[in-house]
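K.L.:
Provided herewith is a single structure, encoded as structure tokens, for subsequent inquiry.
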Protein chains: 2
Amino acid sequence: MPKVEFWYEFASTYSYPAALRIEALAAARGVEVEWKPFLLGPLFASAGWRDSPFNIYPVKGRYMWRDMKRICALLGLPFARPSVFPQNSLLAARVATALSNAARAKFSQRVYSANFAEGRLIAERQVLAVLITETGLNAEAALAAAETPENKSKLKGAVERAIELGLPGAPALVTADEEVFWGNDRLEQGLDWAIGKR
Amino acid sequence: MPKVEFWYEFASTYSYPAALRIEALAAARGVEVEWKPFLLGPLFASAGWRDSPFNIYPVKGRYMWRDMKRICALLGLPFARPSVFPQNSLLAARVATALSNAARAKFSQRVYSANFAEGRLIAERQVLAVLITETGLNAEAALAAAETPENKSKLKGAVERAIELGLPGAPALVTADEEVFWGNDRLEQGLDWAIGKR
């Protein structure tokens, strides 16, 4: 079964519709998805950005929020612009990293809805504990697993790998032959590539 | 008949497939296209960029060239990475501005193919003269019309209007109700919007 890696960052706006769409699109093509949480901060820092480019460049930011609203409306996804953007996603990414791939997918979709539809503060430990529980997992165990040195290193390794792959942002699909497809707009194309339609 | 404005910059990579696709997509929906050449330089300058962001941020640049190659392959469009990027597009934009809308469309498509498929130096007056002739127009007359003070002001006005509309880049579609759709990826969505499908 062909595989793709789905690289995402919990603070990334366009990763929200992508995370909610990817499994159905992949299933329709018989493709397996490996969920790869990472952090954009270190990638942005190497471009000289200490904040989201959507905050640094207000014209792009204004456009992005309008575009997100229209995209979510077209997809029938609830959307509410978060009061805090970008939210610190470190702990959420660590939790996701520690989970099995299937649980990671479910938890990650839960976090995206919390961030971009429900106005919840996903940087906070208590909020994450609730989201883990709502995913059907044990919050205490998941948070403990998230904060082991091994798991922290694993996430760091993912960030290094993202840089090595040349990901320009999130979300991104990476195929077995290391083709990179950036953006919610490229999910279909990346999945088609994975099954040899190119 | 519903109308959209198609805003484009001759140095913009993603404007190439958009310029070659827009007329057929619009015709299929019964939408009329007004071709609006403008310059990205002044918009980028206000973001602090004195070069294409694809040159300033090499990770984005590398991705864009790969993405362009794949997109053009999918569309069956010839593509060759230009040796000079971005090319100075001022004179080409002035020529386009001076033409009637129908001639502007044809000339603009010709310039895009010259820039992104044929390795031609579209900043040069003699090259533009050839491209004007190849479009079936009088080169001398078109270049003279391009350089009148009125025409220069008209292009300046277009740039000011692009800033006012909040265009984050090129290409962009602007509908009658001033919705902005940015990118080759948004042509279908913008045209659907223009005919009330949203």
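Chain identifiers are assigned as A, B, and so on, following the order in which chains appear in the structure tokens; residues are numbered from 1 within each chain, and ligands are numbered from 1 in order of appearance.
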Please report as an mmCIF file with N, CA and C atoms, in the first residue's frame which residues of chain A come no farther than 10 Å from chain B, using only C-alpha atoms.

P.N.:
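Result file follows (out_31.cif):
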```
data_model
loop_
_atom_site.group_PDB
_atom_site.id
_atom_site.type_symbol
_atom_site.label_atom_id
_atom_site.label_comp_id
_atom_site.auth_asym_id
_atom_site.auth_seq_id
_atom_site.Cartn_x
_atom_site.Cartn_y
_atom_site.Cartn_z
ATOM 1 N N LEU A 43 11.949 26.584 11.549
ATOM 2 C CA LEU A 43 12.051 26.836 10.102
ATOM 3 C C LEU A 43 11.901 28.323 9.830
ATOM 4 N N SER A 46 14.970 30.459 10.753
ATOM 5 C CA SER A 46 16.086 30.484 9.801
ATOM 6 C C SER A 46 15.785 31.423 8.628
ATOM 7 N N ALA A 47 14.500 31.803 8.439
ATOM 8 C CA ALA A 47 14.157 32.823 7.443
ATOM 9 C C ALA A 47 14.168 34.219 8.073
ATOM 10 N N GLY A 48 14.459 34.275 9.389
ATOM 11 C CA GLY A 48 14.518 35.567 10.079
ATOM 12 C C GLY A 48 13.197 35.984 10.703
ATOM 13 N N ILE A 56 3.612 39.112 10.533
ATOM 14 C CA ILE A 56 4.673 40.030 10.094
ATOM 15 C C ILE A 56 4.236 40.807 8.849
ATOM 16 N N TYR A 57 3.531 40.125 7.929
ATOM 17 C CA TYR A 57 3.077 40.763 6.690
ATOM 18 C C TYR A 57 1.545 40.864 6.718
ATOM 19 N N PRO A 58 1.038 41.998 7.192
ATOM 20 C CA PRO A 58 -0.411 42.136 7.433
ATOM 21 C C PRO A 58 -1.260 41.930 6.179
ATOM 22 N N VAL A 59 -0.751 42.283 4.995
ATOM 23 C CA VAL A 59 -1.534 42.097 3.777
ATOM 24 C C VAL A 59 -1.783 40.598 3.556
ATOM 25 N N LYS A 60 -0.727 39.799 3.759
ATOM 26 C CA LYS A 60 -0.877 38.344 3.626
ATOM 27 C C LYS A 60 -1.797 37.799 4.717
ATOM 28 N N GLY A 61 -1.655 38.357 5.914
ATOM 29 C CA GLY A 61 -2.483 37.897 7.029
ATOM 30 C C GLY A 61 -3.965 38.151 6.782
ATOM 31 N N ARG A 62 -4.289 39.374 6.354
ATOM 32 C CA ARG A 62 -5.698 39.704 6.095
ATOM 33 C C ARG A 62 -6.272 38.781 5.020
ATOM 34 N N TYR A 63 -5.457 38.584 3.967
ATOM 35 C CA TYR A 63 -5.932 37.705 2.903
ATOM 36 C C TYR A 63 -6.142 36.285 3.433
ATOM 37 N N MET A 64 -5.198 35.777 4.204
ATOM 38 C CA MET A 64 -5.278 34.395 4.694
ATOM 39 C C MET A 64 -6.544 34.164 5.513
ATOM 40 N N ARG A 66 -9.406 35.740 5.384
ATOM 41 C CA ARG A 66 -10.565 35.738 4.483
ATOM 42 C C ARG A 66 -10.624 34.424 3.694
ATOM 43 N N ASP A 67 -9.459 34.012 3.198
ATOM 44 C CA ASP A 67 -9.353 32.784 2.411
ATOM 45 C C ASP A 67 -9.760 31.569 3.260
ATOM 46 N N ARG A 70 -13.507 31.370 3.620
ATOM 47 C CA ARG A 70 -14.159 30.879 2.402
ATOM 48 C C ARG A 70 -13.910 29.390 2.195
ATOM 49 N N ILE A 71 -12.657 28.955 2.443
ATOM 50 C CA ILE A 71 -12.320 27.537 2.252
ATOM 51 C C ILE A 71 -13.130 26.656 3.192
ATOM 52 N N ALA A 73 -15.946 27.358 4.600
ATOM 53 C CA ALA A 73 -17.359 27.404 4.193
ATOM 54 C C ALA A 73 -17.617 26.423 3.047
ATOM 55 N N LEU A 74 -16.712 26.422 2.060
ATOM 56 C CA LEU A 74 -16.860 25.503 0.919
ATOM 57 C C LEU A 74 -16.831 24.043 1.368
ATOM 58 N N ILE A 163 13.431 20.300 7.943
ATOM 59 C CA ILE A 163 14.387 21.245 7.354
ATOM 60 C C ILE A 163 15.153 20.564 6.218
ATOM 61 N N LEU A 165 14.208 18.075 4.424
ATOM 62 C CA LEU A 165 13.311 17.835 3.282
ATOM 63 C C LEU A 165 13.001 19.119 2.519
ATOM 64 N N GLY A 166 13.327 20.269 3.123
ATOM 65 C CA GLY A 166 13.059 21.553 2.468
ATOM 66 C C GLY A 166 11.591 21.948 2.516
ATOM 67 N N LEU A 167 10.885 21.541 3.574
ATOM 68 C CA LEU A 167 9.482 21.940 3.668
ATOM 69 C C LEU A 167 9.398 23.458 3.792
ATOM 70 N N PRO A 168 8.633 24.126 2.918
ATOM 71 C CA PRO A 168 8.522 25.582 3.006
ATOM 72 C C PRO A 168 7.489 26.033 4.026
ATOM 73 N N GLY A 169 6.713 25.112 4.564
ATOM 74 C CA GLY A 169 5.682 25.465 5.532
ATOM 75 C C GLY A 169 4.827 24.254 5.808
ATOM 76 N N GLU A 179 9.087 13.547 -2.847
ATOM 77 C CA GLU A 179 8.468 14.723 -3.451
ATOM 78 C C GLU A 179 7.698 15.454 -2.352
ATOM 79 N N VAL A 180 7.799 16.772 -2.358
ATOM 80 C CA VAL A 180 7.127 17.589 -1.350
ATOM 81 C C VAL A 180 5.965 18.339 -2.003
ATOM 82 N N PHE A 181 4.808 18.262 -1.391
ATOM 83 C CA PHE A 181 3.625 18.988 -1.863
ATOM 84 C C PHE A 181 3.145 19.868 -0.726
ATOM 85 N N TRP A 182 3.246 21.163 -0.921
ATOM 86 C CA TRP A 182 2.995 22.118 0.163
ATOM 87 C C TRP A 182 1.596 22.699 0.070
ATOM 88 N N ASP A 185 -3.928 23.004 -0.606
ATOM 89 C CA ASP A 185 -4.255 22.947 -2.038
ATOM 90 C C ASP A 185 -3.573 21.807 -2.780
ATOM 91 N N ARG A 186 -2.578 21.178 -2.182
ATOM 92 C CA ARG A 186 -1.793 20.175 -2.907
ATOM 93 C C ARG A 186 -2.046 18.745 -2.427
ATOM 94 N N GLN A 189 -3.039 16.388 -5.332
ATOM 95 C CA GLN A 189 -1.920 16.186 -6.250
ATOM 96 C C GLN A 189 -0.857 15.270 -5.638
ATOM 97 N N LYS A 197 -0.050 8.587 -10.383
ATOM 98 C CA LYS A 197 -0.737 9.500 -11.314
ATOM 99 C C LYS A 197 -0.057 10.850 -11.248
ATOM 100 N N ARG A 198 0.687 11.190 -12.280
ATOM 101 C CA ARG A 198 1.422 12.451 -12.229
ATOM 102 C C ARG A 198 1.536 13.030 -13.616
#
```

K.L.:
Using only C-alpha atoms, which residues sit within 12 Å of range 127-143 of chain A once same-chain residues fewer than 5 positions away are excluded, as a ChimeraX atom specification?

P.N.:
/A:88-100,102-115,118-122,148,151-152

K.L.:
May I have the residues from that selection written out with C-alpha atoms, as an mmCIF file, in the first residue's frame?

P.N.:
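Resulting contents of selection_28.cif:
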```cif
data_model
loop_
_atom_site.group_PDB
_atom_site.id
_atom_site.type_symbol
_atom_site.label_atom_id
_atom_site.label_comp_id
_atom_site.auth_asym_id
_atom_site.auth_seq_id
_atom_site.Cartn_x
_atom_site.Cartn_y
_atom_site.Cartn_z
ATOM 1 C CA ASN A 88 2.219 27.812 21.165
ATOM 2 C CA SER A 89 1.982 24.280 19.858
ATOM 3 C CA LEU A 90 4.958 22.648 21.571
ATOM 4 C CA LEU A 91 3.126 20.525 24.128
ATOM 5 C CA ALA A 92 0.405 19.507 21.657
ATOM 6 C CA ALA A 93 3.100 18.425 19.180
ATOM 7 C CA ARG A 94 4.849 16.430 21.896
ATOM 8 C CA VAL A 95 1.617 14.676 22.832
ATOM 9 C CA ALA A 96 0.922 13.842 19.191
ATOM 10 C CA THR A 97 4.465 12.553 18.718
ATOM 11 C CA ALA A 98 4.074 10.121 21.619
ATOM 12 C CA LEU A 99 0.849 8.543 20.337
ATOM 13 C CA SER A 100 0.362 5.663 17.898
ATOM 14 C CA ALA A 102 -4.081 6.119 14.541
ATOM 15 C CA ALA A 103 -4.513 7.866 17.898
ATOM 16 C CA ARG A 104 -2.298 10.719 16.654
ATOM 17 C CA ALA A 105 -4.619 11.301 13.707
ATOM 18 C CA LYS A 106 -7.691 11.472 15.929
ATOM 19 C CA PHE A 107 -6.039 13.642 18.581
ATOM 20 C CA SER A 108 -4.609 15.988 15.954
ATOM 21 C CA GLN A 109 -7.977 16.526 14.274
ATOM 22 C CA ARG A 110 -9.423 17.222 17.731
ATOM 23 C CA VAL A 111 -6.734 19.853 18.424
ATOM 24 C CA TYR A 112 -7.311 21.571 15.069
ATOM 25 C CA SER A 113 -11.041 21.885 15.668
ATOM 26 C CA ALA A 114 -10.339 23.213 19.164
ATOM 27 C CA ASN A 115 -7.922 25.821 17.788
ATOM 28 C CA GLU A 118 -13.900 26.351 19.099
ATOM 29 C CA GLY A 119 -11.675 29.178 20.303
ATOM 30 C CA ARG A 120 -9.845 26.973 22.800
ATOM 31 C CA LEU A 121 -6.366 27.675 24.094
ATOM 32 C CA ILE A 122 -4.437 24.666 22.845
ATOM 33 C CA THR A 148 10.011 11.965 28.307
ATOM 34 C CA ASN A 151 9.891 11.805 23.014
ATOM 35 C CA LYS A 152 11.214 15.372 23.128
#
```

K.L.:
Would you mind telling me which residue in B:Ala18, B:Cys72, B:Leu191, B:Ala162 lies nearest to Gly41 in chain B when using only C-alpha atoms?

P.N.:
B:Ala162

K.L.:
If you run DSSP on the backbone here, which positions in range 110-181 of chain A get strand (DSSP E)? Please write them as a PyMOL selection string.

P.N.:
chain A and resi 172-175+180-181

K.L.:
Keeping C-alpha atoms, export the residues of the selection given above as an mmCIF file, in the first residue's frame.

P.N.:
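Output (out-v9.cif):
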```cif
data_model
loop_
_atom_site.group_PDB
_atom_site.id
_atom_site.type_symbol
_atom_site.label_atom_id
_atom_site.label_comp_id
_atom_site.auth_asym_id
_atom_site.auth_seq_id
_atom_site.Cartn_x
_atom_site.Cartn_y
_atom_site.Cartn_z
ATOM 1 C CA ALA A 172 2.971 19.309 3.483
ATOM 2 C CA LEU A 173 2.746 15.853 1.975
ATOM 3 C CA VAL A 174 5.957 13.932 1.392
ATOM 4 C CA THR A 175 5.844 10.872 -0.832
ATOM 5 C CA VAL A 180 7.127 17.589 -1.350
ATOM 6 C CA PHE A 181 3.625 18.988 -1.863
#
```

K.L.:
Would you kindly return, as a PDB file with N, CA and C atoms, in the first residue's frame, each protein, DNA or RNA residue with an atom no farther than 8 Å from any atom of range 27-35 of chain B, considering only C-alpha atoms and excluding same-chain residues fewer than 2 positions away?

P.N.:
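Output contents, as saved in part_22.pdb:
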```
ATOM      1  N   MET B   1     -23.485  39.902 -18.278  1.00  0.00           N
ATOM      2  CA  MET B   1     -22.424  38.869 -18.146  1.00  0.00           C
ATOM      3  C   MET B   1     -21.529  39.207 -16.951  1.00  0.00           C
ATOM      4  N   PRO B   2     -21.351  38.270 -16.020  1.00  0.00           N
ATOM      5  CA  PRO B   2     -20.484  38.571 -14.869  1.00  0.00           C
ATOM      6  C   PRO B   2     -19.042  38.808 -15.327  1.00  0.00           C
ATOM      7  N   LYS B   3     -18.372  39.686 -14.600  1.00  0.00           N
ATOM      8  CA  LYS B   3     -16.991  40.036 -14.944  1.00  0.00           C
ATOM      9  C   LYS B   3     -16.051  39.714 -13.791  1.00  0.00           C
ATOM     10  N   VAL B   4     -14.816  39.369 -14.130  1.00  0.00           N
ATOM     11  CA  VAL B   4     -13.762  39.342 -13.122  1.00  0.00           C
ATOM     12  C   VAL B   4     -12.569  40.110 -13.659  1.00  0.00           C
ATOM     13  N   GLU B   5     -11.795  40.661 -12.742  1.00  0.00           N
ATOM     14  CA  GLU B   5     -10.512  41.243 -13.113  1.00  0.00           C
ATOM     15  C   GLU B   5      -9.428  40.207 -12.851  1.00  0.00           C
ATOM     16  N   PHE B   6      -8.580  40.031 -13.830  1.00  0.00           N
ATOM     17  CA  PHE B   6      -7.437  39.114 -13.687  1.00  0.00           C
ATOM     18  C   PHE B   6      -6.184  39.965 -13.537  1.00  0.00           C
ATOM     19  N   TRP B   7      -5.643  40.020 -12.322  1.00  0.00           N
ATOM     20  CA  TRP B   7      -4.469  40.838 -12.014  1.00  0.00           C
ATOM     21  C   TRP B   7      -3.213  39.984 -12.140  1.00  0.00           C
ATOM     22  N   TYR B   8      -2.237  40.492 -12.881  1.00  0.00           N
ATOM     23  CA  TYR B   8      -1.046  39.679 -13.133  1.00  0.00           C
ATOM     24  C   TYR B   8       0.183  40.553 -13.307  1.00  0.00           C
ATOM     25  N   GLU B  23      -8.830  32.113 -19.668  1.00  0.00           N
ATOM     26  CA  GLU B  23      -9.898  32.382 -20.647  1.00  0.00           C
ATOM     27  C   GLU B  23     -10.825  31.182 -20.827  1.00  0.00           C
ATOM     28  N   ALA B  24     -10.271  29.987 -20.899  1.00  0.00           N
ATOM     29  CA  ALA B  24     -11.117  28.800 -21.081  1.00  0.00           C
ATOM     30  C   ALA B  24     -11.986  28.560 -19.843  1.00  0.00           C
ATOM     31  N   LEU B  25     -11.406  28.744 -18.667  1.00  0.00           N
ATOM     32  CA  LEU B  25     -12.171  28.547 -17.424  1.00  0.00           C
ATOM     33  C   LEU B  25     -13.303  29.566 -17.323  1.00  0.00           C
ATOM     34  N   PRO B  37      -2.795  44.182 -15.925  1.00  0.00           N
ATOM     35  CA  PRO B  37      -1.364  44.085 -15.632  1.00  0.00           C
ATOM     36  C   PRO B  37      -0.988  45.057 -14.515  1.00  0.00           C
ATOM     37  N   ASN B 101      -8.435  45.253 -24.438  1.00  0.00           N
ATOM     38  CA  ASN B 101      -8.468  44.069 -23.575  1.00  0.00           C
ATOM     39  C   ASN B 101      -8.183  42.774 -24.341  1.00  0.00           C
ATOM     40  N   ARG B 104      -4.574  42.680 -25.345  1.00  0.00           N
ATOM     41  CA  ARG B 104      -3.793  42.564 -24.104  1.00  0.00           C
ATOM     42  C   ARG B 104      -3.717  41.104 -23.655  1.00  0.00           C
ATOM     43  N   ALA B 105      -4.824  40.404 -23.745  1.00  0.00           N
ATOM     44  CA  ALA B 105      -4.850  38.989 -23.364  1.00  0.00           C
ATOM     45  C   ALA B 105      -3.870  38.195 -24.227  1.00  0.00           C
ATOM     46  N   LEU B 191     -13.830  32.324 -10.088  1.00  0.00           N
ATOM     47  CA  LEU B 191     -14.803  32.374 -11.186  1.00  0.00           C
ATOM     48  C   LEU B 191     -16.152  31.835 -10.721  1.00  0.00           C
ATOM     49  N   ASP B 192     -16.130  30.783  -9.907  1.00  0.00           N
ATOM     50  CA  ASP B 192     -17.390  30.269  -9.341  1.00  0.00           C
ATOM     51  C   ASP B 192     -18.070  31.345  -8.494  1.00  0.00           C
ATOM     52  N   ALA B 194     -17.876  34.486  -8.905  1.00  0.00           N
ATOM     53  CA  ALA B 194     -18.414  35.516  -9.805  1.00  0.00           C
ATOM     54  C   ALA B 194     -19.788  35.132 -10.360  1.00  0.00           C
ATOM     55  N   ILE B 195     -20.051  33.818 -10.466  1.00  0.00           N
ATOM     56  CA  ILE B 195     -21.373  33.400 -10.975  1.00  0.00           C
ATOM     57  C   ILE B 195     -22.282  32.938  -9.838  1.00  0.00           C
TER      58      ILE B 195
END
```

K.L.:
Looking at A:Arg125, A:Leu155, A:Pro86, A:Ala117, which one is nearest to Arg50 in chain A, with distances taken over only C-alpha atoms?

P.N.:
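The shortest atom-to-atom distance to Arg50 in chain A comes from A:Pro86.
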
K.L.:
Please give the complete set of residues from chain A that DSSP, run on the backbone, assigns to helix (DSSP H, G or I), formatted as a VMD selection string.

P.N.:
chain A and resid 15 to 28 41 to 46 53 to 56 58 to 75 90 to 98 101 to 116 125 to 134 139 to 146 149 to 165 184 to 194

K.L.:
Selection from above, C-alpha atoms, as a short mmCIF file (atom, residue, chain, number, x, y, z; two decimals), in the first residue's frame, can you write it?

P.N.:
```
data_model
loop_
_atom_site.label_atom_id
_atom_site.label_comp_id
_atom_site.auth_asym_id
_atom_site.auth_seq_id
_atom_site.Cartn_x
_atom_site.Cartn_y
_atom_site.Cartn_z
CA SER A 15 -3.23 22.58 8.26
CA TYR A 16 -6.71 22.61 9.81
CA PRO A 17 -8.75 21.86 6.65
CA ALA A 18 -5.92 19.59 5.45
CA ALA A 19 -5.96 17.53 8.66
CA LEU A 20 -9.71 17.14 8.44
CA ARG A 21 -9.61 16.16 4.73
CA ILE A 22 -6.54 13.99 4.35
CA GLU A 23 -7.83 10.63 5.60
CA ALA A 24 -10.84 10.47 3.27
CA LEU A 25 -8.78 11.62 0.27
CA ALA A 26 -6.08 9.04 1.04
CA ALA A 27 -8.57 6.22 1.62
CA ALA A 28 -10.23 6.95 -1.74
CA GLY A 41 9.17 28.02 14.62
CA PRO A 42 12.71 26.75 13.88
CA LEU A 43 12.05 26.84 10.10
CA PHE A 44 10.72 30.37 10.30
CA ALA A 45 13.61 31.45 12.53
CA SER A 46 16.09 30.48 9.80
CA PRO A 53 4.62 35.56 8.52
CA PHE A 54 0.86 36.20 8.55
CA ASN A 55 1.44 38.56 11.47
CA ILE A 56 4.67 40.03 10.09
CA PRO A 58 -0.41 42.14 7.43
CA VAL A 59 -1.53 42.10 3.78
CA LYS A 60 -0.88 38.34 3.63
CA GLY A 61 -2.48 37.90 7.03
CA ARG A 62 -5.70 39.70 6.10
CA TYR A 63 -5.93 37.71 2.90
CA MET A 64 -5.28 34.40 4.69
CA TRP A 65 -8.08 34.90 7.25
CA ARG A 66 -10.57 35.74 4.48
CA ASP A 67 -9.35 32.78 2.41
CA MET A 68 -9.63 30.40 5.41
CA LYS A 69 -13.19 31.52 6.04
CA ARG A 70 -14.16 30.88 2.40
CA ILE A 71 -12.32 27.54 2.25
CA CYS A 72 -13.93 26.24 5.43
CA ALA A 73 -17.36 27.40 4.19
CA LEU A 74 -16.86 25.50 0.92
CA LEU A 75 -15.83 22.37 2.85
CA LEU A 90 4.96 22.65 21.57
CA LEU A 91 3.13 20.53 24.13
CA ALA A 92 0.41 19.51 21.66
CA ALA A 93 3.10 18.43 19.18
CA ARG A 94 4.85 16.43 21.90
CA VAL A 95 1.62 14.68 22.83
CA ALA A 96 0.92 13.84 19.19
CA THR A 97 4.46 12.55 18.72
CA ALA A 98 4.07 10.12 21.62
CA ASN A 101 -0.33 6.81 14.34
CA ALA A 102 -4.08 6.12 14.54
CA ALA A 103 -4.51 7.87 17.90
CA ARG A 104 -2.30 10.72 16.65
CA ALA A 105 -4.62 11.30 13.71
CA LYS A 106 -7.69 11.47 15.93
CA PHE A 107 -6.04 13.64 18.58
CA SER A 108 -4.61 15.99 15.95
CA GLN A 109 -7.98 16.53 14.27
CA ARG A 110 -9.42 17.22 17.73
CA VAL A 111 -6.73 19.85 18.42
CA TYR A 112 -7.31 21.57 15.07
CA SER A 113 -11.04 21.89 15.67
CA ALA A 114 -10.34 23.21 19.16
CA ASN A 115 -7.92 25.82 17.79
CA PHE A 116 -9.72 26.95 14.64
CA ARG A 125 -1.92 21.83 29.59
CA GLN A 126 -5.42 21.57 31.10
CA VAL A 127 -7.03 22.23 27.73
CA LEU A 128 -4.87 19.54 26.12
CA ALA A 129 -5.78 17.13 28.93
CA VAL A 130 -9.47 17.63 28.08
CA LEU A 131 -8.79 17.20 24.34
CA ILE A 132 -6.85 13.98 24.99
CA THR A 133 -9.75 12.66 27.08
CA GLU A 134 -12.24 13.68 24.38
CA ALA A 139 -4.71 12.27 29.58
CA GLU A 140 -2.25 11.63 32.39
CA ALA A 141 -0.49 8.82 30.54
CA ALA A 142 -0.37 10.76 27.26
CA LEU A 143 1.08 13.88 28.90
CA ALA A 144 3.68 11.81 30.77
CA ALA A 145 4.71 10.05 27.55
CA ALA A 146 4.87 13.44 25.81
CA PRO A 149 13.44 12.97 27.02
CA GLU A 150 13.14 10.33 24.26
CA ASN A 151 9.89 11.81 23.01
CA LYS A 152 11.21 15.37 23.13
CA SER A 153 14.19 14.22 21.04
CA LYS A 154 11.88 12.49 18.61
CA LEU A 155 10.03 15.76 17.93
CA LYS A 156 13.34 17.61 17.59
CA GLY A 157 14.41 14.99 15.08
CA ALA A 158 11.19 15.56 13.12
CA VAL A 159 11.93 19.29 12.92
CA GLU A 160 15.44 18.55 11.66
CA ARG A 161 14.00 16.17 9.08
CA ALA A 162 11.51 18.83 7.95
CA ILE A 163 14.39 21.25 7.35
CA GLU A 164 16.34 18.54 5.50
CA LEU A 165 13.31 17.84 3.28
CA ASN A 184 -3.96 22.26 1.71
CA ASP A 185 -4.26 22.95 -2.04
CA ARG A 186 -1.79 20.18 -2.91
CA LEU A 187 -3.28 17.20 -1.02
CA GLU A 188 -4.97 15.69 -4.04
CA GLN A 189 -1.92 16.19 -6.25
CA GLY A 190 0.45 14.66 -3.67
CA LEU A 191 -1.79 11.65 -3.12
CA ASP A 192 -2.14 11.16 -6.88
CA TRP A 193 1.65 11.26 -7.16
CA ALA A 194 1.87 8.55 -4.47
#
```
